[in-house]
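For reference, input_10.pdb is printed below; it contains PDB, C-alpha atoms and all ligand atoms.
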ATOM      1  CA  MET S   1     -31.331 -61.665  56.150
ATOM      2  CA  SER S   2     -33.800 -59.779  53.936
ATOM      3  CA  GLU S   3     -32.511 -57.645  51.066
ATOM      4  CA  PRO S   4     -29.631 -55.493  52.390
ATOM      5  CA  ILE S   5     -30.128 -51.748  52.193
ATOM      6  CA  LEU S   6     -26.477 -51.095  52.984
ATOM      7  CA  GLN S   7     -23.401 -53.114  52.058
ATOM      8  CA  VAL S   8     -20.084 -51.977  53.503
ATOM      9  CA  ARG S   9     -17.124 -53.637  51.840
ATOM     10  CA  ASP S  10     -13.519 -53.619  53.103
ATOM     11  CA  LEU S  11     -13.831 -50.020  54.321
ATOM     12  CA  ARG S  12     -10.550 -48.423  55.377
ATOM     13  CA  VAL S  13      -9.986 -45.041  57.000
ATOM     14  CA  GLU S  14      -6.663 -43.429  57.842
ATOM     15  CA  TYR S  15      -5.806 -40.387  59.946
ATOM     16  CA  ALA S  16      -2.771 -38.338  59.056
ATOM     17  CA  THR S  17      -0.521 -38.052  62.159
ATOM     18  CA  PRO S  18       3.014 -36.658  62.615
ATOM     19  CA  ALA S  19       4.204 -40.271  63.022
ATOM     20  CA  GLY S  20       2.559 -41.410  59.758
ATOM     21  CA  PRO S  21      -0.923 -42.637  58.742
ATOM     22  CA  ALA S  22      -2.911 -44.295  61.548
ATOM     23  CA  GLN S  23      -5.360 -46.918  60.312
ATOM     24  CA  ALA S  24      -8.474 -46.063  62.341
ATOM     25  CA  VAL S  25     -10.745 -48.444  60.387
ATOM     26  CA  GLY S  26      -9.035 -51.447  58.855
ATOM     27  CA  GLY S  27     -11.092 -53.371  56.331
ATOM     28  CA  VAL S  28     -14.595 -53.392  57.821
ATOM     29  CA  SER S  29     -17.369 -55.246  55.970
ATOM     30  CA  PHE S  30     -20.999 -55.816  56.938
ATOM     31  CA  ASP S  31     -24.511 -55.826  55.478
ATOM     32  CA  LEU S  32     -27.524 -54.066  56.969
ATOM     33  CA  ALA S  33     -31.056 -55.246  56.182
ATOM     34  CA  LYS S  34     -34.040 -52.931  55.666
ATOM     35  CA  GLY S  35     -35.394 -51.873  59.067
ATOM     36  CA  GLU S  36     -32.588 -53.619  60.963
ATOM     37  CA  PHE S  37     -31.013 -52.206  64.157
ATOM     38  CA  LEU S  38     -27.261 -52.823  64.235
ATOM     39  CA  ALA S  39     -25.338 -51.737  67.334
ATOM     40  CA  ILE S  40     -21.582 -51.202  67.194
ATOM     41  CA  VAL S  41     -19.740 -51.325  70.522
ATOM     42  CA  GLY S  42     -16.141 -51.022  71.634
ATOM     43  CA  GLU S  43     -13.928 -48.920  73.863
ATOM     44  CA  SER S  44     -12.988 -45.307  73.078
ATOM     45  CA  GLY S  45     -10.712 -44.991  70.060
ATOM     46  CA  CYS S  46     -11.684 -48.366  68.535
ATOM     47  CA  GLY S  47     -12.856 -46.662  65.328
ATOM     48  CA  LYS S  48     -16.618 -47.029  65.761
ATOM     49  CA  SER S  49     -17.486 -43.332  65.297
ATOM     50  CA  THR S  50     -14.958 -43.020  62.461
ATOM     51  CA  LEU S  51     -16.674 -45.971  60.773
ATOM     52  CA  LEU S  52     -20.036 -44.149  60.988
ATOM     53  CA  PHE S  53     -18.536 -40.988  59.556
ATOM     54  CA  ALA S  54     -17.048 -43.011  56.696
ATOM     55  CA  VAL S  55     -20.395 -44.697  55.970
ATOM     56  CA  ALA S  56     -22.135 -41.288  55.933
ATOM     57  CA  GLN S  57     -19.241 -39.800  53.901
ATOM     58  CA  LEU S  58     -18.688 -37.113  56.523
ATOM     59  CA  LEU S  59     -14.960 -37.634  57.069
ATOM     60  CA  THR S  60     -12.877 -34.494  57.239
ATOM     61  CA  TYR S  61      -9.102 -33.950  57.409
ATOM     62  CA  PRO S  62      -7.011 -35.448  59.000
ATOM     63  CA  GLY S  63      -9.291 -38.439  58.290
ATOM     64  CA  ARG S  64      -9.504 -39.881  54.779
ATOM     65  CA  LEU S  65     -11.051 -42.860  53.079
ATOM     66  CA  ALA S  66      -8.207 -45.223  52.216
ATOM     67  CA  GLY S  67     -10.303 -47.846  50.397
ATOM     68  CA  GLY S  68     -13.495 -49.873  50.235
ATOM     69  CA  GLU S  69     -17.124 -49.385  49.204
ATOM     70  CA  VAL S  70     -20.297 -48.112  50.860
ATOM     71  CA  LEU S  71     -23.161 -49.432  48.728
ATOM     72  CA  PHE S  72     -26.517 -47.895  49.612
ATOM     73  CA  ASP S  73     -29.346 -49.428  47.575
ATOM     74  CA  GLY S  74     -26.609 -50.447  45.144
ATOM     75  CA  VAL S  75     -25.100 -46.916  44.783
ATOM     76  CA  ASP S  76     -21.470 -46.652  45.927
ATOM     77  CA  PHE S  77     -21.369 -43.499  48.065
ATOM     78  CA  THR S  78     -17.558 -43.438  47.941
ATOM     79  CA  THR S  79     -17.687 -42.587  44.218
ATOM     80  CA  LEU S  80     -20.243 -39.736  44.457
ATOM     81  CA  LYS S  81     -19.454 -36.038  44.187
ATOM     82  CA  PRO S  82     -20.565 -33.783  47.096
ATOM     83  CA  GLU S  83     -23.583 -32.476  45.140
ATOM     84  CA  GLU S  84     -24.643 -36.044  44.310
ATOM     85  CA  LEU S  85     -24.286 -37.085  47.966
ATOM     86  CA  ARG S  86     -26.468 -34.139  48.986
ATOM     87  CA  LEU S  87     -29.397 -35.784  47.190
ATOM     88  CA  HIS S  88     -29.065 -38.846  49.441
ATOM     89  CA  ARG S  89     -28.506 -37.043  52.754
ATOM     90  CA  TRP S  90     -31.653 -36.666  54.886
ATOM     91  CA  ARG S  91     -33.752 -38.499  52.250
ATOM     92  CA  ASP S  92     -31.884 -41.824  52.387
ATOM     93  CA  ILE S  93     -29.428 -41.449  55.274
ATOM     94  CA  SER S  94     -29.524 -39.066  58.201
ATOM     95  CA  VAL S  95     -27.172 -38.740  61.141
ATOM     96  CA  VAL S  96     -27.821 -38.027  64.833
ATOM     97  CA  MET S  97     -24.668 -36.715  66.462
ATOM     98  CA  GLN S  98     -23.324 -37.412  69.928
ATOM     99  CA  SER S  99     -24.078 -34.052  71.517
ATOM    100  CA  ALA S 100     -27.247 -32.227  70.503
ATOM    101  CA  MET S 101     -25.937 -29.067  72.169
ATOM    102  CA  ASN S 102     -23.036 -29.036  69.706
ATOM    103  CA  ALA S 103     -25.042 -30.215  66.693
ATOM    104  CA  LEU S 104     -27.945 -27.765  67.117
ATOM    105  CA  ASN S 105     -27.417 -24.087  66.336
ATOM    106  CA  PRO S 106     -27.769 -22.266  69.707
ATOM    107  CA  THR S 107     -28.835 -19.013  68.006
ATOM    108  CA  LEU S 108     -31.820 -20.438  66.101
ATOM    109  CA  THR S 109     -35.122 -21.794  67.392
ATOM    110  CA  ILE S 110     -35.882 -25.491  66.842
ATOM    111  CA  GLY S 111     -38.540 -24.441  64.295
ATOM    112  CA  ALA S 112     -36.044 -22.326  62.333
ATOM    113  CA  GLN S 113     -33.567 -25.218  62.227
ATOM    114  CA  LEU S 114     -36.224 -27.640  60.984
ATOM    115  CA  THR S 115     -37.236 -25.053  58.362
ATOM    116  CA  ASP S 116     -33.614 -24.601  57.217
ATOM    117  CA  ALA S 117     -33.214 -28.366  56.775
ATOM    118  CA  CYS S 118     -36.455 -28.595  54.768
ATOM    119  CA  LYS S 119     -35.540 -25.622  52.559
ATOM    120  CA  ALA S 120     -32.093 -27.078  51.850
ATOM    121  CA  HIS S 121     -33.454 -30.444  50.737
ATOM    122  CA  THR S 122     -37.034 -29.925  49.475
ATOM    123  CA  GLU S 123     -39.243 -27.562  47.506
ATOM    124  CA  TRP S 124     -41.914 -27.626  50.206
ATOM    125  CA  SER S 125     -44.175 -24.614  50.861
ATOM    126  CA  ASP S 126     -43.956 -22.754  54.208
ATOM    127  CA  GLU S 127     -47.266 -24.332  55.182
ATOM    128  CA  LYS S 128     -46.055 -27.872  54.459
ATOM    129  CA  ILE S 129     -42.789 -27.200  56.340
ATOM    130  CA  ALA S 130     -44.688 -25.945  59.398
ATOM    131  CA  GLN S 131     -46.975 -28.971  59.289
ATOM    132  CA  ARG S 132     -44.116 -31.484  58.910
ATOM    133  CA  SER S 133     -42.052 -29.775  61.631
ATOM    134  CA  ALA S 134     -44.912 -30.086  64.137
ATOM    135  CA  GLU S 135     -45.478 -33.676  62.994
ATOM    136  CA  VAL S 136     -41.874 -34.835  63.591
ATOM    137  CA  LEU S 137     -41.729 -33.111  66.977
ATOM    138  CA  ALA S 138     -44.946 -34.908  67.961
ATOM    139  CA  MET S 139     -43.303 -38.213  66.939
ATOM    140  CA  VAL S 140     -40.669 -37.685  69.639
ATOM    141  CA  ALA S 141     -43.219 -36.420  72.192
ATOM    142  CA  ILE S 142     -42.264 -32.746  72.017
ATOM    143  CA  ASP S 143     -45.129 -30.240  71.939
ATOM    144  CA  ALA S 144     -45.247 -27.995  68.866
ATOM    145  CA  VAL S 145     -45.000 -25.012  71.201
ATOM    146  CA  HIS S 146     -41.248 -25.790  71.335
ATOM    147  CA  LEU S 147     -40.862 -24.889  67.662
ATOM    148  CA  LYS S 148     -40.347 -21.417  69.134
ATOM    149  CA  SER S 149     -37.821 -22.629  71.767
ATOM    150  CA  TYR S 150     -34.060 -22.246  71.537
ATOM    151  CA  PRO S 151     -31.929 -25.337  72.272
ATOM    152  CA  PHE S 152     -30.837 -23.993  75.693
ATOM    153  CA  GLN S 153     -34.510 -23.818  76.747
ATOM    154  CA  LEU S 154     -34.895 -27.610  76.339
ATOM    155  CA  SER S 155     -33.648 -30.367  78.661
ATOM    156  CA  GLY S 156     -30.796 -32.611  77.452
ATOM    157  CA  GLY S 157     -33.258 -35.407  76.642
ATOM    158  CA  MET S 158     -35.539 -33.056  74.695
ATOM    159  CA  ARG S 159     -32.610 -31.666  72.703
ATOM    160  CA  GLN S 160     -31.547 -35.174  71.724
ATOM    161  CA  ARG S 161     -35.161 -36.002  70.782
ATOM    162  CA  ALA S 162     -35.303 -32.807  68.695
ATOM    163  CA  MET S 163     -32.197 -34.050  66.840
ATOM    164  CA  ILE S 164     -33.967 -37.323  66.140
ATOM    165  CA  ALA S 165     -37.049 -35.409  64.941
ATOM    166  CA  MET S 166     -34.810 -33.477  62.565
ATOM    167  CA  ALA S 167     -33.217 -36.698  61.312
ATOM    168  CA  LEU S 168     -36.686 -38.086  60.507
ATOM    169  CA  LEU S 169     -37.914 -35.009  58.596
ATOM    170  CA  LEU S 170     -37.593 -36.598  55.149
ATOM    171  CA  GLU S 171     -38.348 -40.185  56.210
ATOM    172  CA  PRO S 172     -34.856 -41.632  55.621
ATOM    173  CA  LYS S 173     -34.321 -45.355  55.138
ATOM    174  CA  LEU S 174     -31.311 -45.358  57.486
ATOM    175  CA  VAL S 175     -30.623 -43.312  60.619
ATOM    176  CA  ILE S 176     -27.038 -43.359  61.857
ATOM    177  CA  MET S 177     -26.642 -42.552  65.564
ATOM    178  CA  ASP S 178     -23.316 -41.715  67.173
ATOM    179  CA  GLU S 179     -23.592 -42.216  70.968
ATOM    180  CA  PRO S 180     -26.816 -40.126  71.126
ATOM    181  CA  THR S 181     -27.490 -41.106  74.742
ATOM    182  CA  SER S 182     -24.015 -40.566  76.210
ATOM    183  CA  ALA S 183     -24.827 -37.175  77.793
ATOM    184  CA  LEU S 184     -28.166 -38.319  79.263
ATOM    185  CA  ASP S 185     -29.051 -39.778  82.668
ATOM    186  CA  VAL S 186     -30.293 -43.384  82.686
ATOM    187  CA  VAL S 187     -33.988 -42.436  82.789
ATOM    188  CA  ALA S 188     -33.666 -40.112  79.765
ATOM    189  CA  GLN S 189     -31.509 -42.768  78.026
ATOM    190  CA  ARG S 190     -34.186 -45.392  78.423
ATOM    191  CA  SER S 191     -36.947 -43.068  77.282
ATOM    192  CA  LEU S 192     -34.947 -42.071  74.172
ATOM    193  CA  MET S 193     -34.149 -45.698  73.266
ATOM    194  CA  HIS S 194     -37.792 -46.619  73.701
ATOM    195  CA  GLN S 195     -38.824 -43.817  71.367
ATOM    196  CA  VAL S 196     -36.248 -44.802  68.736
ATOM    197  CA  GLU S 197     -37.540 -48.384  68.845
ATOM    198  CA  THR S 198     -41.200 -47.354  68.560
ATOM    199  CA  LEU S 199     -40.447 -45.058  65.615
ATOM    200  CA  ARG S 200     -38.304 -47.686  63.905
ATOM    201  CA  HIS S 201     -41.193 -50.147  64.024
ATOM    202  CA  GLN S 202     -43.715 -47.498  62.900
ATOM    203  CA  LEU S 203     -41.648 -46.008  60.082
ATOM    204  CA  GLY S 204     -39.446 -48.947  59.067
ATOM    205  CA  PHE S 205     -36.056 -47.213  58.964
ATOM    206  CA  ALA S 206     -32.835 -49.089  59.723
ATOM    207  CA  VAL S 207     -30.497 -47.941  62.497
ATOM    208  CA  ILE S 208     -26.752 -48.128  63.010
ATOM    209  CA  PHE S 209     -26.107 -47.161  66.622
ATOM    210  CA  VAL S 210     -22.638 -46.650  68.030
ATOM    211  CA  THR S 211     -22.042 -46.756  71.776
ATOM    212  CA  HIS S 212     -19.376 -47.636  74.330
ATOM    213  CA  ASP S 213     -22.157 -48.587  76.777
ATOM    214  CA  MET S 214     -23.553 -51.994  75.888
ATOM    215  CA  SER S 215     -26.378 -51.758  78.420
ATOM    216  CA  VAL S 216     -27.943 -49.046  76.212
ATOM    217  CA  VAL S 217     -28.448 -51.360  73.242
ATOM    218  CA  SER S 218     -28.766 -54.787  74.856
ATOM    219  CA  HIS S 219     -32.575 -54.804  74.622
ATOM    220  CA  TYR S 220     -33.000 -52.959  71.348
ATOM    221  CA  SER S 221     -30.532 -54.006  68.670
ATOM    222  CA  ASP S 222     -31.064 -56.970  66.343
ATOM    223  CA  ARG S 223     -27.347 -57.547  65.861
ATOM    224  CA  LEU S 224     -24.264 -56.456  67.734
ATOM    225  CA  ALA S 225     -20.836 -55.773  66.243
ATOM    226  CA  VAL S 226     -17.841 -55.592  68.583
ATOM    227  CA  MET S 227     -14.964 -53.433  67.305
ATOM    228  CA  TYR S 228     -11.357 -53.502  68.458
ATOM    229  CA  ALA S 229      -8.496 -51.412  67.040
ATOM    230  CA  GLY S 230     -10.427 -50.532  63.871
ATOM    231  CA  GLU S 231     -11.646 -54.061  63.082
ATOM    232  CA  ILE S 232     -14.885 -55.927  63.717
ATOM    233  CA  VAL S 233     -13.840 -58.862  65.924
ATOM    234  CA  GLU S 234     -17.312 -60.334  66.477
ATOM    235  CA  LEU S 235     -20.721 -59.803  64.876
ATOM    236  CA  GLY S 236     -23.911 -61.710  65.554
ATOM    237  CA  PRO S 237     -27.452 -61.625  66.934
ATOM    238  CA  THR S 238     -27.362 -59.352  70.001
ATOM    239  CA  ARG S 239     -28.661 -61.938  72.468
ATOM    240  CA  GLU S 240     -26.178 -64.529  71.229
ATOM    241  CA  VAL S 241     -23.170 -62.189  71.523
ATOM    242  CA  PHE S 242     -24.296 -61.095  74.997
ATOM    243  CA  ASP S 243     -25.004 -64.588  76.288
ATOM    244  CA  ARG S 244     -22.165 -66.467  74.562
ATOM    245  CA  PRO S 245     -19.428 -64.060  73.450
ATOM    246  CA  GLU S 246     -16.751 -66.039  71.592
ATOM    247  CA  HIS S 247     -13.933 -63.568  70.924
ATOM    248  CA  PRO S 248     -11.681 -63.089  73.983
ATOM    249  CA  TYR S 249     -12.089 -59.294  73.673
ATOM    250  CA  SER S 250     -15.913 -59.573  73.613
ATOM    251  CA  GLN S 251     -15.685 -61.853  76.649
ATOM    252  CA  GLY S 252     -13.587 -59.217  78.429
ATOM    253  CA  LEU S 253     -16.093 -56.483  77.538
ATOM    254  CA  MET S 254     -18.987 -58.540  78.917
ATOM    255  CA  GLU S 255     -17.028 -59.158  82.124
ATOM    256  CA  ALA S 256     -16.587 -55.392  82.491
ATOM    257  CA  PHE S 257     -20.325 -54.754  82.116
ATOM    258  CA  PRO S 258     -22.625 -54.970  85.196
ATOM    259  CA  SER S 259     -25.789 -57.076  84.895
ATOM    260  CA  LEU S 260     -29.032 -56.197  86.676
ATOM    261  CA  LEU S 261     -30.060 -59.848  86.664
ATOM    262  CA  GLY S 262     -28.318 -62.889  88.144
ATOM    263  CA  GLU S 263     -25.629 -62.988  90.800
ATOM    264  CA  SER S 264     -23.623 -59.878  91.571
ATOM    265  CA  LYS S 265     -20.005 -60.349  90.563
ATOM    266  CA  GLN S 266     -16.699 -58.534  90.699
ATOM    267  CA  LEU S 267     -16.253 -56.567  87.477
ATOM    268  CA  THR S 268     -12.920 -57.057  85.752
ATOM    269  CA  GLY S 269     -11.342 -54.806  83.159
ATOM    270  CA  ILE S 270      -9.135 -55.811  80.238
ATOM    271  CA  ALA S 271      -5.482 -55.367  81.160
ATOM    272  CA  GLY S 272      -3.219 -53.418  78.803
ATOM    273  CA  ASN S 273      -3.929 -50.873  76.094
ATOM    274  CA  PRO S 274      -5.041 -51.026  72.444
ATOM    275  CA  PRO S 275      -2.151 -51.266  69.947
ATOM    276  CA  SER S 276      -0.587 -48.405  68.005
ATOM    277  CA  LEU S 277      -2.588 -47.860  64.824
ATOM    278  CA  VAL S 278       0.437 -46.269  63.144
ATOM    279  CA  ASP S 279       2.622 -49.320  63.689
ATOM    280  CA  PRO S 280       0.218 -52.182  64.541
ATOM    281  CA  PRO S 281       1.480 -55.632  65.599
ATOM    282  CA  GLU S 282       1.880 -58.214  62.836
ATOM    283  CA  GLY S 283      -0.626 -60.845  63.956
ATOM    284  CA  CYS S 284      -3.877 -60.492  65.897
ATOM    285  CA  LEU S 285      -4.295 -56.906  67.087
ATOM    286  CA  PHE S 286      -5.608 -58.170  70.429
ATOM    287  CA  ALA S 287      -2.683 -60.571  71.012
ATOM    288  CA  PRO S 288      -0.718 -58.275  73.386
ATOM    289  CA  ARG S 289      -3.719 -58.258  75.763
ATOM    290  CA  CYS S 290      -5.042 -61.782  75.160
ATOM    291  CA  ALA S 291      -4.540 -64.549  77.728
ATOM    292  CA  TYR S 292      -4.822 -67.182  74.950
ATOM    293  CA  ALA S 293      -2.279 -65.700  72.516
ATOM    294  CA  ASN S 294       0.156 -68.180  70.938
ATOM    295  CA  ASP S 295       2.781 -67.977  68.169
ATOM    296  CA  GLU S 296       0.175 -68.169  65.403
ATOM    297  CA  CYS S 297      -1.764 -65.283  67.014
ATOM    298  CA  ARG S 298       1.392 -63.171  67.178
ATOM    299  CA  SER S 299       2.322 -63.712  63.521
ATOM    300  CA  VAL S 300      -0.863 -64.247  61.453
ATOM    301  CA  ARG S 301      -3.716 -61.696  61.359
ATOM    302  CA  PRO S 302      -6.967 -63.668  61.854
ATOM    303  CA  GLU S 303      -9.815 -63.275  59.336
ATOM    304  CA  LEU S 304     -13.420 -62.570  60.296
ATOM    305  CA  ILE S 305     -14.967 -66.019  59.751
ATOM    306  CA  ALA S 306     -18.724 -66.703  59.543
ATOM    307  CA  TYR S 307     -20.183 -69.559  61.584
ATOM    308  CA  GLY S 308     -23.832 -69.476  60.513
ATOM    309  CA  ASN S 309     -25.116 -65.996  61.364
ATOM    310  CA  HIS S 310     -22.259 -65.323  63.821
ATOM    311  CA  GLN S 311     -18.835 -64.018  62.708
ATOM    312  CA  VAL S 312     -15.661 -64.097  64.807
ATOM    313  CA  ARG S 313     -12.074 -63.003  64.111
ATOM    314  CA  CYS S 314      -9.962 -65.374  66.236
ATOM    315  CA  HIS S 315      -7.614 -68.332  65.590
ATOM    316  CA  LEU S 316      -8.654 -70.016  68.845
ATOM    317  CA  VAL S 317     -12.347 -69.855  67.955
ATOM    318  CA  ALA S 318     -11.557 -71.155  64.442
ATOM    319  CA  ARG S 319      -9.670 -74.157  65.917
ATOM    320  CA  THR S 320     -12.328 -74.883  68.529
ATOM    321  CA  ARG S 321     -15.145 -74.632  65.989
ATOM    322  CA  LYS S 322     -13.231 -76.948  63.617
ATOM    323  CA  ASN S 323     -12.632 -79.534  66.358
ATOM    324  CA  ASP S 324     -16.291 -79.396  67.416
ATOM    325  CA  ALA S 325     -17.545 -79.851  63.837
TER     326      ALA S 325
HETATM  327 FE1  LIG V 401      -6.491 -64.080  71.373
HETATM  328 FE2  LIG V 401      -5.276 -65.384  69.410
HETATM  329 FE3  LIG V 401      -7.892 -65.068  69.318
HETATM  330 FE4  LIG V 401      -6.288 -62.981  68.947
HETATM  331  S1  LIG V 401      -6.452 -64.775  67.611
HETATM  332  S2  LIG V 401      -8.093 -63.042  70.208
HETATM  333  S3  LIG V 401      -4.632 -63.467  70.349
HETATM  334  S4  LIG V 401      -6.730 -66.251  70.832
END
Please render this file's structure as structure tokens.
Ligand code: SF4
Amino acid sequence: MSEPILQVRDLRVEYATPAGPAQAVGGVSFDLAKGEFLAIVGESGCGKSTLLFAVAQLLTYPGRLAGGEVLFDGVDFTTLKPEELRLHRWRDISVVMQSAMNALNPTLTIGAQLTDACKAHTEWSDEKIAQRSAEVLAMVAIDAVHLKSYPFQLSGGMRQRAMIAMALLLEPKLVIMDEPTSALDVVAQRSLMHQVETLRHQLGFAVIFVTHDMSVVSHYSDRLAVMYAGEIVELGPTREVFDRPEHPYSQGLMEAFPSLLGESKQLTGIAGNPPSLVDPPEGCLFAPRCAYANDECRSVRPELIAYGNHQVRCHLVARTRKNDA
């Protein structure tokens, strides 16, 4: 991997609940290289969006950072004051939220919202702001005439593209995307992903992209991280994880995901439910749902172990890999 732009170390997030703190993210670590596209997948409630919010330092009560580091270009974001973080937002890291309709202000035109963002983070003249606003809209194939449009006057796909345009205003090095395609039909999804990929190659920014729908990222991401119950259980090159998932949970996810190629097959779900995050089981968090669980699995929490450029958190995989070596 080339020089990492982002290093996440043992990141922990808790939510305050009436029953006690729920560990939504439990010790997540990963590196992200310059210009890399990392996809994070997992079922609802696995902690993937919370992880993004923690990386971007956007957690609000009842969520709180319970430990760990978020090193961006060597600066630990977890130690910065709000006014110091403000200097990094938009310039270094920007965020595209799940629903553009909620993230955009319905009472302001797209142009006014781009202007507000520029005024909050730059000293640019009105002329420069107008020029840059038209430029970023053109990047996402929206005509500058829509600078005068309100969000409700745009289609869902255009609104999401306008959000991406806004995120690119100050040429950030990392764009964090939280399920940006979830409200779009498949044609708009594909068009948006294609645009993100083209812009990433043109501008060189890195992407962390969270989704519950693996088909969205299968052709675009460099690496894929699978999350379960607040932990990364598998992380590797996207094609490798898709073609040869090693963790039993990743295997179950792939079985639940329809393929356009190859034989048609009966899709199977993963029986059972994720564990309580307030009172998690002692050993492997997937053990109650895993067909391969044994006594070791039920008593010892597995570590995320690296096998070359592939990491897996599973006792069975560790034993099999050791026997094969
Ligand atoms: Fe299943 Fe055991 Fe691996 Fe957990 S550690 S995924 S229970 S085999």
Once the PyMOL selection byres (((chain S and resi 14-22) around 7) and not hetatm) has been evaluated on this model, what residues remain selected, and can you format them as a CSV table (one decimal) with C-alpha atoms, keeping the file's coordinate frame?
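Below you can see result.csv, which holds the result:
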chain,number,residue,atom,x,y,z
S,12,ARG,CA,-10.6,-48.4,55.4
S,13,VAL,CA,-10.0,-45.0,57.0
S,23,GLN,CA,-5.4,-46.9,60.3
S,24,ALA,CA,-8.5,-46.1,62.3
S,25,VAL,CA,-10.7,-48.4,60.4
S,62,PRO,CA,-7.0,-35.4,59.0
S,63,GLY,CA,-9.3,-38.4,58.3
S,64,ARG,CA,-9.5,-39.9,54.8
S,65,LEU,CA,-11.1,-42.9,53.1
S,66,ALA,CA,-8.2,-45.2,52.2
S,277,LEU,CA,-2.6,-47.9,64.8
S,278,VAL,CA,0.4,-46.3,63.1
Inset, instruction - Check the smallest atom-to-atom distance from each of S:Trp124, S:Tyr307, S:Phe37, S:Phe286 to ligand LIG 401 (chain V) using only C-alpha atoms and all ligand atoms, then report the winner. - result: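 Nearest to ligand LIG 401 (chain V): S:Phe286.
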What are the centre and the three edge lengths of an axis-aligned box that wraps all atoms of ligand LIG 401 (chain V) in the file, given that 3 Å is added to every side, written as JSON and rounded to one decimal in Å?
{"center_x": -6.4, "center_y": -64.6, "center_z": 69.5, "size_x": 9.5, "size_y": 9.3, "size_z": 9.8}
Legend entry - Test item: residues lying within 8 Å of ligand LIG 401 (chain V) with all atoms listed in the file, as a PyMOL selection string: chain S and resi 247-249+283-294+296-298+301-302+313-317
Legend entry - Straight-line distance linking CA of Val96 (chain S) with CA of Met177 (chain S), stated in Å to one decimal: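 Those two atoms sit 4.7 Å apart.
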Name every residue that the PyMOL selection byres (((chain S and resi 97) around 7) and not hetatm) selects in this structure, writing the answer as an mmCIF file with C-alpha atoms, in the coordinates of the input with chains first and numbers rising.
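The file below, part-v4.cif, is the result:
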data_model
loop_
_atom_site.group_PDB
_atom_site.id
_atom_site.type_symbol
_atom_site.label_atom_id
_atom_site.label_comp_id
_atom_site.auth_asym_id
_atom_site.auth_seq_id
_atom_site.Cartn_x
_atom_site.Cartn_y
_atom_site.Cartn_z
ATOM 1 C CA VAL S 95 -27.172 -38.740 61.141
ATOM 2 C CA VAL S 96 -27.821 -38.027 64.833
ATOM 3 C CA GLN S 98 -23.324 -37.412 69.928
ATOM 4 C CA SER S 99 -24.078 -34.052 71.517
ATOM 5 C CA ALA S 100 -27.247 -32.227 70.503
ATOM 6 C CA ALA S 103 -25.042 -30.215 66.693
ATOM 7 C CA MET S 177 -26.642 -42.552 65.564
ATOM 8 C CA ASP S 178 -23.316 -41.715 67.173
ATOM 9 C CA PRO S 180 -26.816 -40.126 71.126
#
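Here CA of Leu235 (chain S) is placed at a distance of 5.1 Å from CA of Gln311 (chain S).
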Inset, instruction - I would like the residues chosen by the PyMOL selection byres (((chain S and resi 196-199) around 12) and not hetatm) on the shown file; could you give them as a ChimeraX atom specification? - result: /S:35-37,96,136,138-141,160-161,163-165,167-168,171-172,175-177,180-181,189-195,200-209,216-217,219-222
Legend entry - Pairwise distance for CA of Ser2 (chain S) and CA of Asn309 (chain S), rounded to one decimal in Å: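 According to the coordinates, CA of Ser2 (chain S) and CA of Asn309 (chain S) are separated by 13.0 Å.
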Inset, instruction - Rank nothing, just name the residue among S:Leu154, S:Arg159, S:Glu135, S:Met166 nearest to Thr115 (chain S), using all atoms listed in the file. - result: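 The shortest atom-to-atom distance to Thr115 (chain S) comes from S:Met166.
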From (-34.6, -37.3, 83.3), in the file's coordinates, out to 10 Å: which residues are reached, counting all atoms listed in the file? Answer as a PDB file with C-alpha atoms, in the coordinates of the input.
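To be explicit, this is the file written out as out05.pdb:
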ATOM      1  CA  SER S 155     -33.648 -30.367  78.661  1.00  0.00           C
ATOM      2  CA  GLY S 156     -30.796 -32.611  77.452  1.00  0.00           C
ATOM      3  CA  GLY S 157     -33.258 -35.407  76.642  1.00  0.00           C
ATOM      4  CA  MET S 158     -35.539 -33.056  74.695  1.00  0.00           C
ATOM      5  CA  LEU S 184     -28.166 -38.319  79.263  1.00  0.00           C
ATOM      6  CA  ASP S 185     -29.051 -39.778  82.668  1.00  0.00           C
ATOM      7  CA  VAL S 186     -30.293 -43.384  82.686  1.00  0.00           C
ATOM      8  CA  VAL S 187     -33.988 -42.436  82.789  1.00  0.00           C
ATOM      9  CA  ALA S 188     -33.666 -40.112  79.765  1.00  0.00           C
ATOM     10  CA  GLN S 189     -31.509 -42.768  78.026  1.00  0.00           C
ATOM     11  CA  ARG S 190     -34.186 -45.392  78.423  1.00  0.00           C
ATOM     12  CA  SER S 191     -36.947 -43.068  77.282  1.00  0.00           C
TER      13      SER S 191
END
